[in-house]
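J.: One file is attached below, input22.cif, containing mmCIF, C-alpha atoms.
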data_input
loop_
_atom_site.label_atom_id
_atom_site.label_comp_id
_atom_site.auth_asym_id
_atom_site.auth_seq_id
_atom_site.Cartn_x
_atom_site.Cartn_y
_atom_site.Cartn_z
CA MET A 1 34.16 93.79 54.11
CA ALA A 2 30.67 94.13 55.53
CA THR A 3 27.92 95.61 53.41
CA HIS A 4 24.99 95.76 55.86
CA GLY A 5 22.74 93.94 53.41
CA ALA A 6 19.97 93.64 55.98
CA HIS A 7 19.52 97.41 55.84
CA LEU A 8 19.77 97.83 52.08
CA GLU A 9 16.08 98.56 51.55
CA THR A 10 16.36 102.15 52.77
CA PRO A 11 13.53 104.25 51.28
CA GLY A 12 14.68 106.50 48.47
CA PRO A 13 14.52 110.29 48.63
CA THR A 14 11.45 110.52 46.41
CA ASP A 15 9.31 107.91 48.19
CA GLY A 16 5.91 109.42 49.00
CA GLY A 17 5.57 110.82 52.48
CA VAL A 18 9.21 110.20 53.37
CA ASP A 19 11.30 113.05 54.78
CA ARG A 20 14.33 113.23 52.47
CA ARG A 21 16.72 114.30 55.21
CA ALA A 22 15.46 111.52 57.50
CA VAL A 23 16.23 109.06 54.71
CA GLN A 24 19.72 110.49 54.35
CA ARG A 25 20.31 110.24 58.11
CA ALA A 26 19.23 106.61 58.04
CA LEU A 27 21.49 105.92 55.08
CA PHE A 28 24.57 107.42 56.70
CA ASP A 29 23.84 105.75 60.02
CA ALA A 30 23.68 102.44 58.14
CA ILE A 31 27.00 102.93 56.35
CA SER A 32 28.87 104.62 59.22
CA ALA A 33 30.68 101.46 60.33
CA ASP A 34 32.19 100.85 56.88
CA TYR A 35 32.40 104.44 55.63
CA ASP A 36 35.92 105.18 54.34
CA ARG A 37 37.15 101.77 55.56
CA VAL A 38 37.34 99.70 52.39
CA GLY A 39 40.89 100.66 51.45
CA VAL A 40 40.02 103.26 48.78
CA GLU A 41 41.65 106.69 49.07
CA PHE A 42 38.77 109.05 48.37
CA PHE A 43 37.27 111.15 51.17
CA GLY A 44 40.61 111.85 52.86
CA PRO A 45 42.40 113.28 49.82
CA ILE A 46 39.36 115.38 48.88
CA ALA A 47 39.15 116.80 52.41
CA ALA A 48 42.90 117.47 52.41
CA GLY A 49 42.50 119.60 49.30
CA LEU A 50 39.72 121.63 50.90
CA LEU A 51 41.78 122.15 54.04
CA GLU A 52 44.68 123.41 51.93
CA HIS A 53 42.45 126.06 50.37
CA LEU A 54 40.94 127.14 53.69
CA ALA A 55 44.39 127.16 55.34
CA PRO A 56 43.44 127.23 59.05
CA THR A 57 46.20 128.40 61.38
CA PRO A 58 46.98 127.86 65.08
CA GLY A 59 44.48 129.54 67.37
CA GLU A 60 41.68 129.76 64.81
CA ARG A 61 38.14 128.44 65.22
CA PHE A 62 37.05 125.98 62.54
CA LEU A 63 33.61 124.52 61.82
CA ASP A 64 33.15 121.38 59.71
CA VAL A 65 29.55 121.10 58.47
CA GLY A 66 28.70 117.47 57.74
CA CYS A 67 31.87 116.19 59.39
CA GLY A 68 31.09 112.51 58.77
CA SER A 69 33.88 110.27 60.01
CA GLY A 70 36.29 113.19 60.45
CA ALA A 71 38.19 113.36 57.14
CA LEU A 72 38.23 117.17 57.30
CA LEU A 73 37.66 117.70 61.02
CA LEU A 74 40.75 115.83 62.25
CA PRO A 75 43.35 117.61 60.10
CA ALA A 76 41.58 120.92 60.76
CA ALA A 77 41.87 120.29 64.50
CA GLY A 78 45.55 119.55 64.00
CA ALA A 79 46.02 122.79 62.07
CA VAL A 80 44.34 125.05 64.64
CA THR A 81 46.17 123.25 67.48
CA SER A 82 45.03 123.24 71.08
CA ALA A 83 45.16 127.04 70.98
CA GLY A 84 42.11 126.95 68.71
CA ARG A 85 38.86 125.02 68.44
CA ALA A 86 37.46 122.60 65.86
CA VAL A 87 33.72 121.87 65.83
CA GLY A 88 32.11 119.10 63.80
CA LEU A 89 28.39 119.01 62.94
CA ASP A 90 26.59 116.03 61.46
CA SER A 91 23.02 114.75 61.34
CA SER A 92 24.08 111.10 61.65
CA ALA A 93 24.73 109.82 65.17
CA GLY A 94 26.69 106.92 63.67
CA MET A 95 29.01 109.25 61.80
CA LEU A 96 29.52 111.43 64.86
CA GLU A 97 30.56 108.35 66.81
CA ARG A 98 33.19 107.67 64.15
CA SER A 99 34.51 111.23 64.50
CA ARG A 100 34.44 110.96 68.28
CA SER A 101 36.53 107.80 68.20
CA ALA A 102 38.97 109.34 65.72
CA LEU A 103 39.45 112.45 67.84
CA ALA A 104 40.06 110.34 70.93
CA ALA A 105 42.54 108.09 69.10
CA ALA A 106 44.46 111.16 67.94
CA GLY A 107 44.53 112.59 71.46
CA ILE A 108 42.64 115.70 70.38
CA SER A 109 40.74 117.38 73.20
CA HIS A 110 40.00 120.71 71.50
CA GLY A 111 37.30 119.29 69.24
CA ASP A 112 33.55 119.47 69.80
CA LEU A 113 30.87 117.38 68.09
CA VAL A 114 27.26 118.46 67.57
CA LEU A 115 24.34 116.38 66.32
CA GLY A 116 22.30 118.55 63.97
CA ASP A 117 21.12 119.33 60.49
CA ALA A 118 23.31 121.24 58.01
CA GLN A 119 20.22 122.92 56.52
CA GLU A 120 18.64 123.97 59.81
CA LEU A 121 21.55 124.56 62.15
CA PRO A 122 21.21 123.89 65.86
CA PRO A 123 22.71 126.35 68.36
CA LEU A 124 26.51 126.16 68.12
CA SER A 125 29.05 127.36 70.64
CA GLY A 126 32.64 128.26 69.86
CA GLY A 127 31.97 130.94 67.26
CA PRO A 128 32.27 133.19 65.51
CA PHE A 129 34.42 130.95 63.33
CA ASP A 130 37.43 131.93 61.28
CA ALA A 131 36.67 129.25 58.72
CA VAL A 132 33.75 126.99 57.81
CA GLY A 133 34.37 123.95 55.64
CA SER A 134 31.97 121.42 54.18
CA SER A 135 33.17 118.53 52.05
CA LEU A 136 30.74 116.75 49.69
CA VAL A 137 27.65 117.89 51.59
CA LEU A 138 25.96 120.88 49.95
CA PHE A 139 24.41 118.96 47.04
CA PHE A 140 22.44 116.79 49.49
CA LEU A 141 20.58 119.79 50.92
CA PRO A 142 17.13 120.96 49.77
CA ASP A 143 18.00 124.68 49.74
CA PRO A 144 21.76 125.18 49.24
CA VAL A 145 21.66 128.99 49.22
CA ALA A 146 19.73 129.15 52.50
CA ALA A 147 22.17 126.66 54.02
CA LEU A 148 25.15 128.75 52.91
CA ARG A 149 23.58 131.88 54.39
CA GLY A 150 23.26 130.08 57.69
CA TRP A 151 26.87 128.92 57.59
CA GLN A 152 28.11 132.38 56.61
CA ALA A 153 26.32 133.92 59.58
CA LEU A 154 28.59 131.86 61.86
CA LEU A 155 31.75 133.40 60.42
CA ARG A 156 33.60 136.42 61.74
CA PRO A 157 33.77 139.33 59.27
CA GLY A 158 36.31 138.35 56.61
CA GLY A 159 36.13 134.69 57.57
CA ARG A 160 36.48 131.96 54.92
CA LEU A 161 33.88 129.47 53.74
CA GLY A 162 34.85 126.59 51.49
CA ILE A 163 33.06 123.59 50.00
CA SER A 164 34.05 120.63 47.87
CA THR A 165 31.76 119.29 45.15
CA PHE A 166 32.22 117.16 42.05
CA GLY A 167 33.15 118.27 38.56
CA PRO A 168 33.27 116.08 35.44
CA GLN A 169 34.37 112.46 35.61
CA ASP A 170 35.90 110.02 33.16
CA ALA A 171 33.71 108.71 30.36
CA ALA A 172 34.43 105.24 31.75
CA TRP A 173 32.85 106.24 35.05
CA ASP A 174 29.84 107.76 33.31
CA HIS A 175 29.41 104.47 31.43
CA LEU A 176 29.64 102.57 34.71
CA ASP A 177 27.11 104.77 36.51
CA ASP A 178 24.68 104.27 33.65
CA VAL A 179 23.99 100.70 34.84
CA PHE A 180 21.82 102.30 37.55
CA THR A 181 19.94 104.73 35.28
CA ALA A 182 16.90 102.61 34.50
CA PHE A 183 16.18 102.10 38.19
CA LEU A 184 16.53 105.65 39.47
CA PRO A 185 14.05 108.53 39.88
CA ALA A 186 14.91 111.82 38.18
CA ASP A 187 16.56 113.37 41.25
CA MET A 188 18.98 110.46 41.58
CA LEU A 189 20.15 110.21 37.98
CA ASP A 190 23.39 111.82 39.12
CA ALA A 191 23.84 110.73 42.72
CA ARG A 192 26.55 113.28 43.44
CA THR A 193 24.88 116.44 42.16
CA SER A 194 21.48 117.95 41.46
CA GLY A 195 21.90 117.09 37.80
CA ARG A 196 24.20 118.17 35.00
CA ARG A 197 22.10 121.24 34.21
CA GLY A 198 21.67 122.26 37.85
CA PRO A 199 23.94 124.57 39.86
CA PHE A 200 26.35 121.73 40.70
CA GLY A 201 26.97 121.01 37.03
CA SER A 202 29.55 123.78 36.54
CA ASP A 203 32.07 125.96 38.35
CA ALA A 204 29.95 129.04 37.60
CA GLY A 205 26.84 127.36 38.97
CA VAL A 206 28.43 126.56 42.32
CA GLU A 207 30.07 129.98 42.53
CA GLY A 208 26.62 131.46 41.93
CA LEU A 209 25.29 129.68 45.00
CA LEU A 210 27.95 131.22 47.23
CA THR A 211 27.50 134.64 45.69
CA ALA A 212 23.71 134.45 46.14
CA ALA A 213 24.33 133.64 49.81
CA GLY A 214 26.23 136.91 50.21
CA LEU A 215 29.81 135.67 50.11
CA THR A 216 32.45 137.75 48.35
CA GLY A 217 35.67 136.98 46.49
CA VAL A 218 34.18 133.68 45.37
CA HIS A 219 36.52 131.53 43.30
CA THR A 220 36.99 127.91 42.30
CA ARG A 221 40.01 125.63 42.02
CA THR A 222 39.81 122.12 40.60
CA TRP A 223 41.80 118.94 41.12
CA ASP A 224 41.79 115.70 39.18
CA LEU A 225 41.48 112.73 41.52
CA ARG A 226 42.59 109.34 40.22
CA LEU A 227 40.54 106.81 42.15
CA GLN A 228 41.93 103.28 42.24
CA PHE A 229 40.24 100.00 43.10
CA ALA A 230 42.13 96.74 43.55
CA ASP A 231 39.43 94.96 41.58
CA ALA A 232 35.71 95.01 40.83
CA ALA A 233 34.88 93.51 44.22
CA GLN A 234 36.49 96.45 45.98
CA TRP A 235 34.54 98.85 43.75
CA HIS A 236 31.30 97.16 44.84
CA ALA A 237 32.28 97.27 48.52
CA TRP A 238 33.12 100.95 48.15
CA THR A 239 29.75 101.78 46.60
CA MET A 240 28.04 99.99 49.47
CA SER A 241 30.00 102.06 52.00
CA THR A 242 29.10 105.46 50.48
CA GLY A 243 25.96 107.34 49.51
CA GLN A 244 25.86 105.27 46.32
CA ARG A 245 24.36 102.49 48.42
CA ALA A 246 21.02 104.29 47.99
CA MET A 247 21.30 103.53 44.27
CA TRP A 248 21.71 99.81 44.92
CA ALA A 249 18.62 99.97 47.13
CA ARG A 250 16.61 101.14 44.13
CA ILE A 251 17.37 97.97 42.18
CA PRO A 252 14.93 95.08 42.81
CA ALA A 253 16.66 92.40 44.87
CA ASP A 254 16.26 89.78 42.15
CA GLN A 255 18.07 92.01 39.63
CA ARG A 256 21.06 93.17 41.70
CA ALA A 257 23.32 90.28 40.73
CA GLU A 258 22.66 90.95 37.05
CA VAL A 259 23.33 94.69 37.44
CA ARG A 260 26.52 94.02 39.38
CA ALA A 261 27.73 91.64 36.67
CA GLU A 262 27.09 94.27 34.00
CA ALA A 263 28.90 96.90 36.08
CA GLU A 264 31.90 94.61 36.42
CA ARG A 265 31.88 94.02 32.67
CA ARG A 266 32.02 97.78 32.11
CA LEU A 267 34.78 98.15 34.71
CA HIS A 268 36.90 95.75 32.70
CA ALA A 269 37.60 98.52 30.17
CA ALA A 270 39.40 100.52 32.87
CA ARG A 271 41.53 97.62 34.15
CA ALA A 272 45.31 97.75 34.22
CA ALA A 273 47.56 94.74 33.61
CA ASP A 274 47.58 93.96 37.35
CA GLY A 275 43.78 93.88 37.48
CA SER A 276 43.43 97.19 39.29
CA ILE A 277 40.88 99.72 38.06
CA THR A 278 41.50 103.46 37.87
CA VAL A 279 38.87 106.09 37.11
CA GLY A 280 39.14 109.86 37.17
CA GLN A 281 36.96 112.35 39.02
CA GLN A 282 37.41 116.12 39.03
CA VAL A 283 36.95 117.70 42.44
CA ARG A 284 35.81 121.32 42.67
CA TYR A 285 36.84 123.56 45.58
CA THR A 286 34.82 126.77 45.86
CA ILE A 287 35.86 129.39 48.41
CA GLY A 288 34.31 132.68 49.49
CA HIS A 289 34.52 135.19 52.34
CA ARG A 290 32.05 136.85 54.64
CA PRO A 291 32.10 140.59 53.89
CA ASN A 292 34.05 142.69 56.37
#
Output the file's structure as structure tokens, nothing else.
T.:
Amino acid sequence: MATHGAHLETPGPTDGGVDRRAVQRALFDAISADYDRVGVEFFGPIAAGLLEHLAPTPGERFLDVGCGSGALLLPAAGAVTSAGRAVGLDSSAGMLERSRSALAAAGISHGDLVLGDAQELPPLSGGPFDAVGSSLVLFFLPDPVAALRGWQALLRPGGRLGISTFGPQDAAWDHLDDVFTAFLPADMLDARTSGRRGPFGSDAGVEGLLTAAGLTGVHTRTWDLRLQFADAAQWHAWTMSTGQRAMWARIPADQRAEVRAEAERRLHAARAADGSITVGQQVRYTIGHRPN
């Protein structure tokens, strides 16, 4: 499994003078070839849960903000059928190419792809939308409430908006993530959220973001994902094919082997008899509606 080592030294989000969103685009362009292709069931099941809560139906118009490789966009397009429309937006050209290939392979012609920023939306055709979904995206954005307001404005009155974020994870996973702690700036100490005391640290915090953006009927459902790796090598390949690759880039090159060895030692505690490794991650689905 490729890891694009030549591109590992991507500047981090707090490097002076570096545009954070430009860094994120570069990161996701770099990992787009391997993203969700290392044999670990993660993004697909999470997106499937979000789709279940948004429940698109034939003939509806669906927008996927931060569509990535199409984990949410493809099943949404299937749900709305050719009578509807599915639009995917992403800031990474590499990720959009993955979605484009997936749509073509599935024979889906009622899907549109737009290159653009989730925080500062480009003009979008196909609206107003019946549903807007965004899986594992909002916590990357500099102003989540402003982003949600922009997404809500694209909905028809009464339309649904749903996001997936991360809740608590196993203590074993916390212990594993801690191998990176000494190398990370404050805003990367939890790579998947804005920090445990920030709005993404609780159900109420995330619901507050949607409410502040003007959405109504806001509620949260959670799901416990059991994430399985064949072995420690697959765990490493997976981290290199996701946003966690930015954490590896923070570790000096001459210390990465040592950090990886320590991570594998910690993973040993979660190993089953067959050598596989299972860790738990709670996934949070938060749904709201545009007022009628």
J.: For the structure shown, which residues end up in the PyMOL selection byres ((chain A and resi 153-155) around 10)? Put them as a PDB file with C-alpha atoms, keeping the file's coordinate frame, please?
T.:
ATOM      1  CA  ARG A  61      38.140 128.440  65.220  1.00  0.00           C
ATOM      2  CA  PHE A  62      37.050 125.980  62.540  1.00  0.00           C
ATOM      3  CA  LEU A  63      33.610 124.520  61.820  1.00  0.00           C
ATOM      4  CA  LEU A 124      26.510 126.160  68.120  1.00  0.00           C
ATOM      5  CA  SER A 125      29.050 127.360  70.640  1.00  0.00           C
ATOM      6  CA  GLY A 126      32.640 128.260  69.860  1.00  0.00           C
ATOM      7  CA  GLY A 127      31.970 130.940  67.260  1.00  0.00           C
ATOM      8  CA  PRO A 128      32.270 133.190  65.510  1.00  0.00           C
ATOM      9  CA  PHE A 129      34.420 130.950  63.330  1.00  0.00           C
ATOM     10  CA  ASP A 130      37.430 131.930  61.280  1.00  0.00           C
ATOM     11  CA  ALA A 131      36.670 129.250  58.720  1.00  0.00           C
ATOM     12  CA  VAL A 132      33.750 126.990  57.810  1.00  0.00           C
ATOM     13  CA  LEU A 148      25.150 128.750  52.910  1.00  0.00           C
ATOM     14  CA  ARG A 149      23.580 131.880  54.390  1.00  0.00           C
ATOM     15  CA  GLY A 150      23.260 130.080  57.690  1.00  0.00           C
ATOM     16  CA  TRP A 151      26.870 128.920  57.590  1.00  0.00           C
ATOM     17  CA  GLN A 152      28.110 132.380  56.610  1.00  0.00           C
ATOM     18  CA  ARG A 156      33.600 136.420  61.740  1.00  0.00           C
ATOM     19  CA  PRO A 157      33.770 139.330  59.270  1.00  0.00           C
ATOM     20  CA  GLY A 158      36.310 138.350  56.610  1.00  0.00           C
ATOM     21  CA  GLY A 159      36.130 134.690  57.570  1.00  0.00           C
ATOM     22  CA  ARG A 160      36.480 131.960  54.920  1.00  0.00           C
ATOM     23  CA  LEU A 161      33.880 129.470  53.740  1.00  0.00           C
ATOM     24  CA  ALA A 213      24.330 133.640  49.810  1.00  0.00           C
ATOM     25  CA  GLY A 214      26.230 136.910  50.210  1.00  0.00           C
ATOM     26  CA  HIS A 289      34.520 135.190  52.340  1.00  0.00           C
ATOM     27  CA  ARG A 290      32.050 136.850  54.640  1.00  0.00           C
ATOM     28  CA  PRO A 291      32.100 140.590  53.890  1.00  0.00           C
TER      29      PRO A 291
END
J.: I'd like the contact shell of range 69-72 of chain A - 9 Å cut-off, only C-alpha atoms, skipping same-chain residues fewer than 6 positions apart - returned as a ChimeraX atom specification.
T.: /A:32,35-36,43-48,50-51,88,94-103,133-135
J.: Can you give me, as a list in words, the residues this file yields under the PyMOL selection byres ((chain A and resi 175) around 12)?
T.: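 Evaluating the PyMOL selection byres ((chain A and resi 175) around 12) on these coordinates yields Gln169, Asp170, Ala171, Ala172, Trp173, Asp174, Leu176, Asp177, Asp178, Val179, Phe180, Thr181, Glu262, Ala263, Glu264, Arg265, Arg266, Leu267, His268, Ala269, Ala270 and Val279 of chain A.
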J.: Pull C-alpha atoms from the residues just selected and write them as a PDB file, in the coordinates of the input.
T.:
ATOM      1  CA  GLN A 169      34.370 112.460  35.610  1.00  0.00           C
ATOM      2  CA  ASP A 170      35.900 110.020  33.160  1.00  0.00           C
ATOM      3  CA  ALA A 171      33.710 108.710  30.360  1.00  0.00           C
ATOM      4  CA  ALA A 172      34.430 105.240  31.750  1.00  0.00           C
ATOM      5  CA  TRP A 173      32.850 106.240  35.050  1.00  0.00           C
ATOM      6  CA  ASP A 174      29.840 107.760  33.310  1.00  0.00           C
ATOM      7  CA  LEU A 176      29.640 102.570  34.710  1.00  0.00           C
ATOM      8  CA  ASP A 177      27.110 104.770  36.510  1.00  0.00           C
ATOM      9  CA  ASP A 178      24.680 104.270  33.650  1.00  0.00           C
ATOM     10  CA  VAL A 179      23.990 100.700  34.840  1.00  0.00           C
ATOM     11  CA  PHE A 180      21.820 102.300  37.550  1.00  0.00           C
ATOM     12  CA  THR A 181      19.940 104.730  35.280  1.00  0.00           C
ATOM     13  CA  GLU A 262      27.090  94.270  34.000  1.00  0.00           C
ATOM     14  CA  ALA A 263      28.900  96.900  36.080  1.00  0.00           C
ATOM     15  CA  GLU A 264      31.900  94.610  36.420  1.00  0.00           C
ATOM     16  CA  ARG A 265      31.880  94.020  32.670  1.00  0.00           C
ATOM     17  CA  ARG A 266      32.020  97.780  32.110  1.00  0.00           C
ATOM     18  CA  LEU A 267      34.780  98.150  34.710  1.00  0.00           C
ATOM     19  CA  HIS A 268      36.900  95.750  32.700  1.00  0.00           C
ATOM     20  CA  ALA A 269      37.600  98.520  30.170  1.00  0.00           C
ATOM     21  CA  ALA A 270      39.400 100.520  32.870  1.00  0.00           C
ATOM     22  CA  VAL A 279      38.870 106.090  37.110  1.00  0.00           C
TER      23      VAL A 279
END
J.: Please list as JSON, numbers by chain every residue within 8 Å of Ala77 in chain A, counting all atoms listed in the file and excluding residues in the same chain fewer than 5 positions away.
T.: {"A": [62, 82, 84, 85, 86, 108, 110, 111]}
J.: For the provided coordinates, the residues matched by the PyMOL selection byres ((chain A and resi 141) around 12) should be stated as a VMD selection string.
T.: chain A and resid 13 20 to 22 24 to 25 65 to 66 91 117 to 120 134 136 to 140 142 to 148 192 to 194 200
J.: Counting all atoms listed in the file, select every polymer residue within 7 Å of (43.4, 97.4, 40.3) as defined in the file's coordinates, and provide the selection as a list in words.
T.: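 So the residues meeting the distance criterion are Gln228, Phe229, Ala230, Asp231, Arg271, Ala272, Asp274, Gly275, Ser276, Ile277 and Thr278 of chain A.
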J.: Given all atoms listed in the file as the basis, pick out the residue of A:Met247, A:Leu227, A:Ile287, A:Ala253 nearest to Thr211 in chain A.
T.: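 Closest residue, counting all atoms listed in the file: A:Ile287.
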J.: Given all atoms listed in the file as the basis, pick out the residue of A:Thr165, A:Leu209, A:Pro123, A:Leu74 nearest to Gly107 in chain A.
T.: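 The closest residue to Gly107 in chain A is A:Leu74.
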J.: Using all atoms listed in the file, which residue out of A:Leu225, A:Val218, A:Ala261, A:Leu121 lies closest to Val283 in chain A?
T.: A:Leu225
J.: Separation of CA of Arg250 in chain A and CA of Phe166 in chain A, in Å?
T.: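 Separation between CA of Arg250 in chain A and CA of Phe166 in chain A: 22.5 Å.
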